[in-house]
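Q: As input, take input-v5.txt (compact mmCIF, C-alpha atoms and all ligand atoms):
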# COMPACT_ATOMS: atom_id res chain seq x y z
CA MET A 11 0.00 0.00 0.00
CA VAL A 12 1.51 3.31 -1.11
CA SER A 13 0.88 6.19 1.31
CA VAL A 14 -0.34 9.63 0.29
CA GLY A 15 2.98 10.99 1.60
CA GLU A 16 4.93 8.67 -0.71
CA GLU A 17 2.81 9.64 -3.73
CA ASP A 18 3.48 13.31 -3.03
CA LEU A 19 7.20 12.68 -2.54
CA ARG A 20 7.43 10.87 -5.90
CA LYS A 21 5.98 13.91 -7.66
CA ARG A 22 8.32 16.29 -5.83
CA LEU A 23 11.34 14.13 -6.77
CA ALA A 24 10.37 14.24 -10.45
CA VAL A 25 9.97 18.05 -10.30
CA ALA A 26 13.36 18.49 -8.59
CA ALA A 27 15.04 16.17 -11.12
CA ALA A 28 13.61 18.16 -14.05
CA MET A 29 14.85 21.41 -12.49
CA LEU A 30 18.38 20.02 -12.00
CA PHE A 31 18.45 18.77 -15.58
CA SER A 32 17.29 22.12 -16.97
CA GLU A 33 20.07 23.82 -14.96
CA GLY A 34 22.59 21.63 -16.83
CA LEU A 35 23.84 19.86 -13.70
CA THR A 36 23.09 16.29 -14.84
CA PRO A 37 24.12 15.68 -18.47
CA GLY A 38 22.99 12.41 -20.08
CA SER A 39 21.85 9.85 -17.51
CA SER A 40 24.37 11.08 -14.92
CA GLY A 41 23.50 11.97 -11.35
CA ASN A 42 21.03 10.52 -8.92
CA ILE A 43 18.47 11.72 -6.41
CA SER A 44 16.64 10.24 -3.44
CA ALA A 45 14.39 11.19 -0.52
CA ARG A 46 13.57 9.60 2.83
CA ILE A 47 9.97 8.39 3.09
CA PRO A 48 8.79 10.03 6.34
CA GLY A 49 8.20 7.69 9.25
CA THR A 50 9.97 4.74 7.61
CA SER A 51 13.50 3.38 7.22
CA ALA A 52 13.14 3.52 3.44
CA CYS A 53 13.92 6.00 0.71
CA LEU A 54 12.77 6.60 -2.85
CA ILE A 55 15.71 6.55 -5.24
CA LYS A 56 16.20 7.19 -8.94
CA PRO A 57 16.48 4.09 -11.13
CA ALA A 58 19.80 3.32 -12.86
CA GLY A 59 20.40 4.51 -16.42
CA ARG A 60 17.58 7.09 -16.64
CA SER A 61 18.06 10.75 -17.46
CA PHE A 62 16.81 13.32 -14.93
CA ARG A 63 14.88 14.79 -17.86
CA ASP A 64 12.67 11.72 -18.26
CA LEU A 65 11.99 10.74 -14.64
CA ARG A 66 8.36 10.21 -13.81
CA PRO A 67 6.96 9.75 -10.27
CA GLU A 68 6.35 6.02 -10.78
CA HIS A 69 9.98 5.36 -11.80
CA PHE A 70 11.44 5.83 -8.32
CA VAL A 71 12.42 2.65 -6.46
CA VAL A 72 11.74 2.09 -2.75
CA VAL A 73 14.88 0.89 -0.96
CA ASP A 74 15.28 0.08 2.75
CA PHE A 75 18.24 2.25 3.76
CA LYS A 76 19.27 -0.09 6.57
CA THR A 77 19.35 -3.34 4.58
CA ARG A 78 19.61 -1.81 1.04
CA ARG A 79 16.93 -4.23 -0.10
CA VAL A 80 14.52 -3.13 -2.83
CA LEU A 81 11.06 -3.06 -1.26
CA ARG A 82 9.05 -1.84 -4.27
CA GLY A 83 9.68 -1.00 -7.90
CA LEU A 84 10.38 -2.83 -11.15
CA LEU A 85 13.47 -0.86 -12.18
CA LYS A 86 17.00 -1.34 -10.86
CA PRO A 87 17.98 1.30 -8.27
CA SER A 88 20.85 3.74 -8.96
CA ILE A 89 24.39 2.31 -8.80
CA GLU A 90 25.07 4.93 -6.13
CA THR A 91 22.51 3.39 -3.76
CA PRO A 92 25.39 2.58 -1.32
CA PHE A 93 26.19 6.23 -0.57
CA HIS A 94 22.58 7.43 -0.58
CA THR A 95 21.60 4.79 1.99
CA LYS A 96 24.72 5.41 4.08
CA LEU A 97 23.91 9.13 4.32
CA TYR A 98 20.37 8.47 5.65
CA ASN A 99 21.94 6.38 8.39
CA LEU A 100 24.33 9.23 9.23
CA SER A 101 21.70 11.67 10.49
CA ASN A 102 17.92 11.73 10.97
CA SER A 103 17.88 15.32 9.73
CA ILE A 104 18.97 14.23 6.25
CA GLY A 105 15.71 14.02 4.31
CA ALA A 106 17.09 14.01 0.77
CA VAL A 107 20.31 13.40 -1.18
CA VAL A 108 21.24 14.85 -4.57
CA HIS A 109 24.31 13.82 -6.58
CA VAL A 110 25.25 15.72 -9.75
CA HIS A 111 28.11 15.79 -12.25
CA SER A 112 28.32 19.57 -12.19
CA HIS A 113 31.23 21.08 -14.11
CA TYR A 114 32.79 23.74 -11.85
CA ALA A 115 32.40 21.64 -8.70
CA THR A 116 34.33 18.89 -10.50
CA VAL A 117 37.05 21.29 -11.66
CA LEU A 118 37.65 22.59 -8.12
CA SER A 119 37.52 19.07 -6.64
CA ILE A 120 40.34 17.90 -8.91
CA ALA A 121 42.44 20.93 -7.98
CA GLY A 122 41.63 20.37 -4.29
CA ILE A 123 40.38 23.97 -4.02
CA GLU A 124 37.92 24.77 -1.25
CA VAL A 125 34.55 26.30 -2.23
CA LEU A 126 34.27 29.47 -0.12
CA PRO A 127 30.89 31.02 0.66
CA MET A 128 30.48 34.23 -1.37
CA GLY A 129 27.96 36.21 -3.38
CA MET A 130 24.21 36.50 -2.86
CA ASP A 131 23.17 32.95 -3.77
CA ILE A 132 24.60 31.75 -0.45
CA TYR A 133 21.50 33.22 1.24
CA ARG A 134 19.45 30.64 -0.69
CA ALA A 135 21.54 27.74 0.63
CA PRO A 136 22.65 28.77 4.14
CA ALA A 137 23.80 25.25 5.05
CA LEU A 138 26.72 25.70 2.63
CA VAL A 139 28.24 28.33 4.94
CA GLN A 140 29.55 25.45 7.06
CA GLY A 141 31.94 24.65 4.26
CA VAL A 142 32.10 22.02 1.58
CA GLY A 143 34.05 18.82 2.16
CA ILE A 144 36.27 17.16 -0.43
CA SER A 145 36.10 13.37 -0.32
CA GLY A 146 38.85 10.92 -1.14
CA TYR A 147 38.62 9.37 -4.61
CA ALA A 148 36.98 6.00 -5.14
CA PRO A 149 35.34 4.55 -8.29
CA PRO A 150 31.58 5.11 -8.83
CA GLY A 151 29.19 2.71 -7.13
CA THR A 152 31.71 1.34 -4.65
CA GLU A 153 31.45 0.84 -0.92
CA GLN A 154 34.67 2.84 -0.55
CA LEU A 155 33.04 5.83 -2.29
CA ALA A 156 30.10 5.58 0.13
CA GLN A 157 32.55 5.53 3.05
CA ASN A 158 34.55 8.50 1.72
CA ILE A 159 31.45 10.64 1.16
CA ALA A 160 29.97 9.84 4.57
CA GLU A 161 33.27 10.84 6.24
CA ALA A 162 33.53 14.12 4.31
CA MET A 163 29.84 14.95 4.93
CA ARG A 164 30.05 14.98 8.75
CA GLY A 165 28.90 18.42 9.95
CA ARG A 166 28.34 19.61 6.39
CA ALA A 167 25.65 19.63 3.73
CA ALA A 168 27.86 19.27 0.65
CA VAL A 169 30.85 17.26 -0.56
CA LEU A 170 32.96 17.52 -3.73
CA MET A 171 33.96 14.19 -5.24
CA PRO A 172 37.28 14.48 -7.15
CA HIS A 173 37.08 13.61 -10.89
CA HIS A 174 33.36 12.96 -10.49
CA GLY A 175 31.01 15.68 -9.19
CA ALA A 176 29.27 16.70 -5.99
CA THR A 177 26.80 15.33 -3.46
CA VAL A 178 24.55 17.46 -1.26
CA VAL A 179 21.92 16.77 1.37
CA GLY A 180 18.91 18.70 2.65
CA ARG A 181 16.00 18.34 5.05
CA THR A 182 13.69 18.17 2.04
CA ILE A 183 14.18 17.32 -1.62
CA GLU A 184 13.57 20.96 -2.54
CA GLU A 185 16.29 22.10 -0.11
CA ALA A 186 18.77 19.47 -1.36
CA ALA A 187 18.10 20.45 -5.00
CA GLU A 188 18.61 24.14 -4.18
CA ASN A 189 21.83 23.29 -2.31
CA ALA A 190 23.05 21.47 -5.45
CA ARG A 191 22.17 24.40 -7.70
CA VAL A 192 23.80 26.97 -5.39
CA LEU A 193 26.89 24.80 -4.86
CA GLU A 194 27.59 24.82 -8.61
CA GLU A 195 26.99 28.58 -8.74
CA LEU A 196 29.43 29.04 -5.84
CA ALA A 197 32.01 26.78 -7.49
CA ARG A 198 31.78 28.85 -10.70
CA LEU A 199 32.09 32.10 -8.74
CA ASN A 200 35.11 30.78 -6.82
CA TYR A 201 36.72 29.64 -10.08
CA GLU A 202 36.18 33.01 -11.75
CA VAL A 203 37.36 35.05 -8.78
CA LEU A 204 40.57 32.99 -8.76
CA GLN A 205 41.23 34.14 -12.37
CA VAL A 206 41.50 37.76 -11.29
CA GLY A 207 42.68 37.69 -7.69
CA ARG A 208 42.35 36.20 -4.24
CA PRO A 209 38.81 35.52 -2.96
CA GLN A 210 37.68 37.79 -0.14
CA THR A 211 34.90 36.09 1.78
CA LEU A 212 31.83 37.78 3.26
CA PRO A 213 32.40 39.33 6.72
CA SER A 214 32.44 36.67 9.45
CA SER A 215 29.52 38.36 11.25
CA VAL A 216 27.41 37.98 8.08
CA LEU A 217 28.47 34.36 7.67
CA ARG A 218 27.46 33.71 11.30
CA GLU A 219 24.03 35.23 10.67
CA ILE A 220 23.55 33.14 7.54
CA ALA A 221 24.64 29.98 9.41
CA GLU A 222 22.14 30.76 12.19
CA SER A 223 19.38 31.24 9.63
CA ALA A 224 20.05 27.69 8.46
CA GLY A 225 18.79 26.42 11.82
CA SER A 226 18.56 22.66 11.86
CA GLY A 227 19.16 22.82 8.11
CA GLY A 228 22.76 23.00 9.24
CA LEU A 229 22.41 19.25 9.63
CA THR A 230 25.18 19.20 12.21
ZN ZN B 1 28.10 10.16 -10.39
For the file at hand, write its structure as C-alpha cells.
Ligand SMILES: [Zn+2]

A:
Amino acid sequence: MVSVGEEDLRKRLAVAAAMLFSEGLTPGSSGNISARIPGTSACLIKPAGRSFRDLRPEHFVVVDFKTRRVLRGLLKPSIETPFHTKLYNLSNSIGAVVHVHSHYATVLSIAGIEVLPMGMDIYRAPALVQGVGISGYAPPGTEQLAQNIAEAMRGRAAVLMPHHGATVVGRTIEEAAENARVLEELARLNYEVLQVGRPQTLPSSVLREIAESAGSGGLT
C-alpha cells in the first residue's frame, strides 16, 4: 500500500530532477536523487540509467536504507545506492540526497580547491556556509566511495567528489536540489574570482548570521 505521503514525494522528486536537468547539472543519464519516506527506514531513489529529464513519479524505487533491499519497484535502483543509503543512516535530519556531475564543482575538486561562501546565492543555501568537504577518490558505485562521502559529509551539507562531481543533502528534496544548484553557482564564482585575484569572503559576522538562519538545516 503506497501512502499519500509517498505519492506526493514521488511527484516532488520528479519536479526536482527536471529542475536540476534544466540547470545543466546532470548531463545524459548522470547523477542521482533520493528522498527519505517520512516515518519509515526507506527511501525513494532514482532508477539506474535514466536521465533526470525523463523521470516520472512512478519510476522511483523504494529501498530500505538499513538493509539496502529493494522493497518496491520494477526498475533497478541507482548504482550509487550505497552512498545514498549510508547518508540516511548518518543523520535523521537528512531528508534528501542529490548527486550531480556539475562542471565547476568537479574542476575545483580535482584541484583540491575549497569552495568558499560568497555572493548573494549563499543566502538561498545557508547550510553551505559550514563549508564544503572534499572526499577521497573511489570509483563510482563502490562501498569505498560511500565511506569516503559519509566521512567528508560529517557536519556539512555538501561534498565535492574528485574527478566525479558533488553530493549534497537537505532536510527536504527541494532544499537538497537548491543546495546542489547553489553549490555549482558558488564553485563557478570561486573559479572566476581565482582568475583575477584572491577571494575575499563575506564578513564573518554575516556568515554567522547566515549559518544561524540555516537552523537545523545545518544538519550538524
Ligand atoms: Zn556520479

Q: Against ligand ZN 1 (chain B), which residues of chain A fall within 7 Å? For each one I want the closest pair of atoms and the distance in Å (one decimal), counting all atoms listed in the file, rows by chain and increasing residue number, as JSON lines.

A:
{"residue": "A:Ser40", "atom": "CA", "partner": "B:ZN1", "partner_atom": "ZN", "distance": 5.9}
{"residue": "A:Gly41", "atom": "CA", "partner": "B:ZN1", "partner_atom": "ZN", "distance": 5.0}
{"residue": "A:His109", "atom": "CA", "partner": "B:ZN1", "partner_atom": "ZN", "distance": 6.5}
{"residue": "A:Val110", "atom": "CA", "partner": "B:ZN1", "partner_atom": "ZN", "distance": 6.3}
{"residue": "A:His111", "atom": "CA", "partner": "B:ZN1", "partner_atom": "ZN", "distance": 5.9}
{"residue": "A:Pro150", "atom": "CA", "partner": "B:ZN1", "partner_atom": "ZN", "distance": 6.3}
{"residue": "A:His174", "atom": "CA", "partner": "B:ZN1", "partner_atom": "ZN", "distance": 6.0}
{"residue": "A:Gly175", "atom": "CA", "partner": "B:ZN1", "partner_atom": "ZN", "distance": 6.4}

Q: Kindly give the distance, in Å, that separates atom CA of Met29 of chain A and atom CA of Ser112 of chain A, rounded to a single decimal.

A: 13.6 Å

Q: Give the answer as one residue: which of A:Thr177, A:Thr211, A:Ser44, A:Thr77 has the shortest atom-to-atom distance to Leu19 of chain A, using only C-alpha atoms?

A: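 With only C-alpha atoms as the atom set, the closest residue is A:Ser44.
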
Q: Leaving out Ala137 of chain A and any residue of its chain fewer than 4 positions from it, which residues lie within 12 Å of it when counting all atoms listed in the file, given as a ChimeraX atom specification?

A: /A:127,131-133,141-142,163,165-168,178-181,185-186,188-190,192-193,217-230

Q: With all atoms listed in the file as the basis for distance, which of A:Pro149, A:Gly129, A:Gly122, A:Pro92 is at the shortest distance from Glu195 of chain A?

A: A:Gly129

Q: Can I get C-alpha atoms for segment 19-152 of chain A, as a tab-separated table (two decimals), in the first residue's frame?

A:
chain	number	residue	atom	x	y	z
A	19	LEU	CA	7.20	12.68	-2.54
A	20	ARG	CA	7.43	10.87	-5.90
A	21	LYS	CA	5.98	13.91	-7.66
A	22	ARG	CA	8.32	16.29	-5.83
A	23	LEU	CA	11.34	14.13	-6.77
A	24	ALA	CA	10.37	14.24	-10.45
A	25	VAL	CA	9.97	18.05	-10.30
A	26	ALA	CA	13.36	18.49	-8.59
A	27	ALA	CA	15.04	16.17	-11.12
A	28	ALA	CA	13.61	18.16	-14.05
A	29	MET	CA	14.85	21.41	-12.49
A	30	LEU	CA	18.38	20.02	-12.00
A	31	PHE	CA	18.45	18.77	-15.58
A	32	SER	CA	17.29	22.12	-16.97
A	33	GLU	CA	20.07	23.82	-14.96
A	34	GLY	CA	22.59	21.63	-16.83
A	35	LEU	CA	23.84	19.86	-13.70
A	36	THR	CA	23.09	16.29	-14.84
A	37	PRO	CA	24.12	15.68	-18.47
A	38	GLY	CA	22.99	12.41	-20.08
A	39	SER	CA	21.85	9.85	-17.51
A	40	SER	CA	24.37	11.08	-14.92
A	41	GLY	CA	23.50	11.97	-11.35
A	42	ASN	CA	21.03	10.52	-8.92
A	43	ILE	CA	18.47	11.72	-6.41
A	44	SER	CA	16.64	10.24	-3.44
A	45	ALA	CA	14.39	11.19	-0.52
A	46	ARG	CA	13.57	9.60	2.83
A	47	ILE	CA	9.97	8.39	3.09
A	48	PRO	CA	8.79	10.03	6.34
A	49	GLY	CA	8.20	7.69	9.25
A	50	THR	CA	9.97	4.74	7.61
A	51	SER	CA	13.50	3.38	7.22
A	52	ALA	CA	13.14	3.52	3.44
A	53	CYS	CA	13.92	6.00	0.71
A	54	LEU	CA	12.77	6.60	-2.85
A	55	ILE	CA	15.71	6.55	-5.24
A	56	LYS	CA	16.20	7.19	-8.94
A	57	PRO	CA	16.48	4.09	-11.13
A	58	ALA	CA	19.80	3.32	-12.86
A	59	GLY	CA	20.40	4.51	-16.42
A	60	ARG	CA	17.58	7.09	-16.64
A	61	SER	CA	18.06	10.75	-17.46
A	62	PHE	CA	16.81	13.32	-14.93
A	63	ARG	CA	14.88	14.79	-17.86
A	64	ASP	CA	12.67	11.72	-18.26
A	65	LEU	CA	11.99	10.74	-14.64
A	66	ARG	CA	8.36	10.21	-13.81
A	67	PRO	CA	6.96	9.75	-10.27
A	68	GLU	CA	6.35	6.02	-10.78
A	69	HIS	CA	9.98	5.36	-11.80
A	70	PHE	CA	11.44	5.83	-8.32
A	71	VAL	CA	12.42	2.65	-6.46
A	72	VAL	CA	11.74	2.09	-2.75
A	73	VAL	CA	14.88	0.89	-0.96
A	74	ASP	CA	15.28	0.08	2.75
A	75	PHE	CA	18.24	2.25	3.76
A	76	LYS	CA	19.27	-0.09	6.57
A	77	THR	CA	19.35	-3.34	4.58
A	78	ARG	CA	19.61	-1.81	1.04
A	79	ARG	CA	16.93	-4.23	-0.10
A	80	VAL	CA	14.52	-3.13	-2.83
A	81	LEU	CA	11.06	-3.06	-1.26
A	82	ARG	CA	9.05	-1.84	-4.27
A	83	GLY	CA	9.68	-1.00	-7.90
A	84	LEU	CA	10.38	-2.83	-11.15
A	85	LEU	CA	13.47	-0.86	-12.18
A	86	LYS	CA	17.00	-1.34	-10.86
A	87	PRO	CA	17.98	1.30	-8.27
A	88	SER	CA	20.85	3.74	-8.96
A	89	ILE	CA	24.39	2.31	-8.80
A	90	GLU	CA	25.07	4.93	-6.13
A	91	THR	CA	22.51	3.39	-3.76
A	92	PRO	CA	25.39	2.58	-1.32
A	93	PHE	CA	26.19	6.23	-0.57
A	94	HIS	CA	22.58	7.43	-0.58
A	95	THR	CA	21.60	4.79	1.99
A	96	LYS	CA	24.72	5.41	4.08
A	97	LEU	CA	23.91	9.13	4.32
A	98	TYR	CA	20.37	8.47	5.65
A	99	ASN	CA	21.94	6.38	8.39
A	100	LEU	CA	24.33	9.23	9.23
A	101	SER	CA	21.70	11.67	10.49
A	102	ASN	CA	17.92	11.73	10.97
A	103	SER	CA	17.88	15.32	9.73
A	104	ILE	CA	18.97	14.23	6.25
A	105	GLY	CA	15.71	14.02	4.31
A	106	ALA	CA	17.09	14.01	0.77
A	107	VAL	CA	20.31	13.40	-1.18
A	108	VAL	CA	21.24	14.85	-4.57
A	109	HIS	CA	24.31	13.82	-6.58
A	110	VAL	CA	25.25	15.72	-9.75
A	111	HIS	CA	28.11	15.79	-12.25
A	112	SER	CA	28.32	19.57	-12.19
A	113	HIS	CA	31.23	21.08	-14.11
A	114	TYR	CA	32.79	23.74	-11.85
A	115	ALA	CA	32.40	21.64	-8.70
A	116	THR	CA	34.33	18.89	-10.50
A	117	VAL	CA	37.05	21.29	-11.66
A	118	LEU	CA	37.65	22.59	-8.12
A	119	SER	CA	37.52	19.07	-6.64
A	120	ILE	CA	40.34	17.90	-8.91
A	121	ALA	CA	42.44	20.93	-7.98
A	122	GLY	CA	41.63	20.37	-4.29
A	123	ILE	CA	40.38	23.97	-4.02
A	124	GLU	CA	37.92	24.77	-1.25
A	125	VAL	CA	34.55	26.30	-2.23
A	126	LEU	CA	34.27	29.47	-0.12
A	127	PRO	CA	30.89	31.02	0.66
A	128	MET	CA	30.48	34.23	-1.37
A	129	GLY	CA	27.96	36.21	-3.38
A	130	MET	CA	24.21	36.50	-2.86
A	131	ASP	CA	23.17	32.95	-3.77
A	132	ILE	CA	24.60	31.75	-0.45
A	133	TYR	CA	21.50	33.22	1.24
A	134	ARG	CA	19.45	30.64	-0.69
A	135	ALA	CA	21.54	27.74	0.63
A	136	PRO	CA	22.65	28.77	4.14
A	137	ALA	CA	23.80	25.25	5.05
A	138	LEU	CA	26.72	25.70	2.63
A	139	VAL	CA	28.24	28.33	4.94
A	140	GLN	CA	29.55	25.45	7.06
A	141	GLY	CA	31.94	24.65	4.26
A	142	VAL	CA	32.10	22.02	1.58
A	143	GLY	CA	34.05	18.82	2.16
A	144	ILE	CA	36.27	17.16	-0.43
A	145	SER	CA	36.10	13.37	-0.32
A	146	GLY	CA	38.85	10.92	-1.14
A	147	TYR	CA	38.62	9.37	-4.61
A	148	ALA	CA	36.98	6.00	-5.14
A	149	PRO	CA	35.34	4.55	-8.29
A	150	PRO	CA	31.58	5.11	-8.83
A	151	GLY	CA	29.19	2.71	-7.13
A	152	THR	CA	31.71	1.34	-4.65
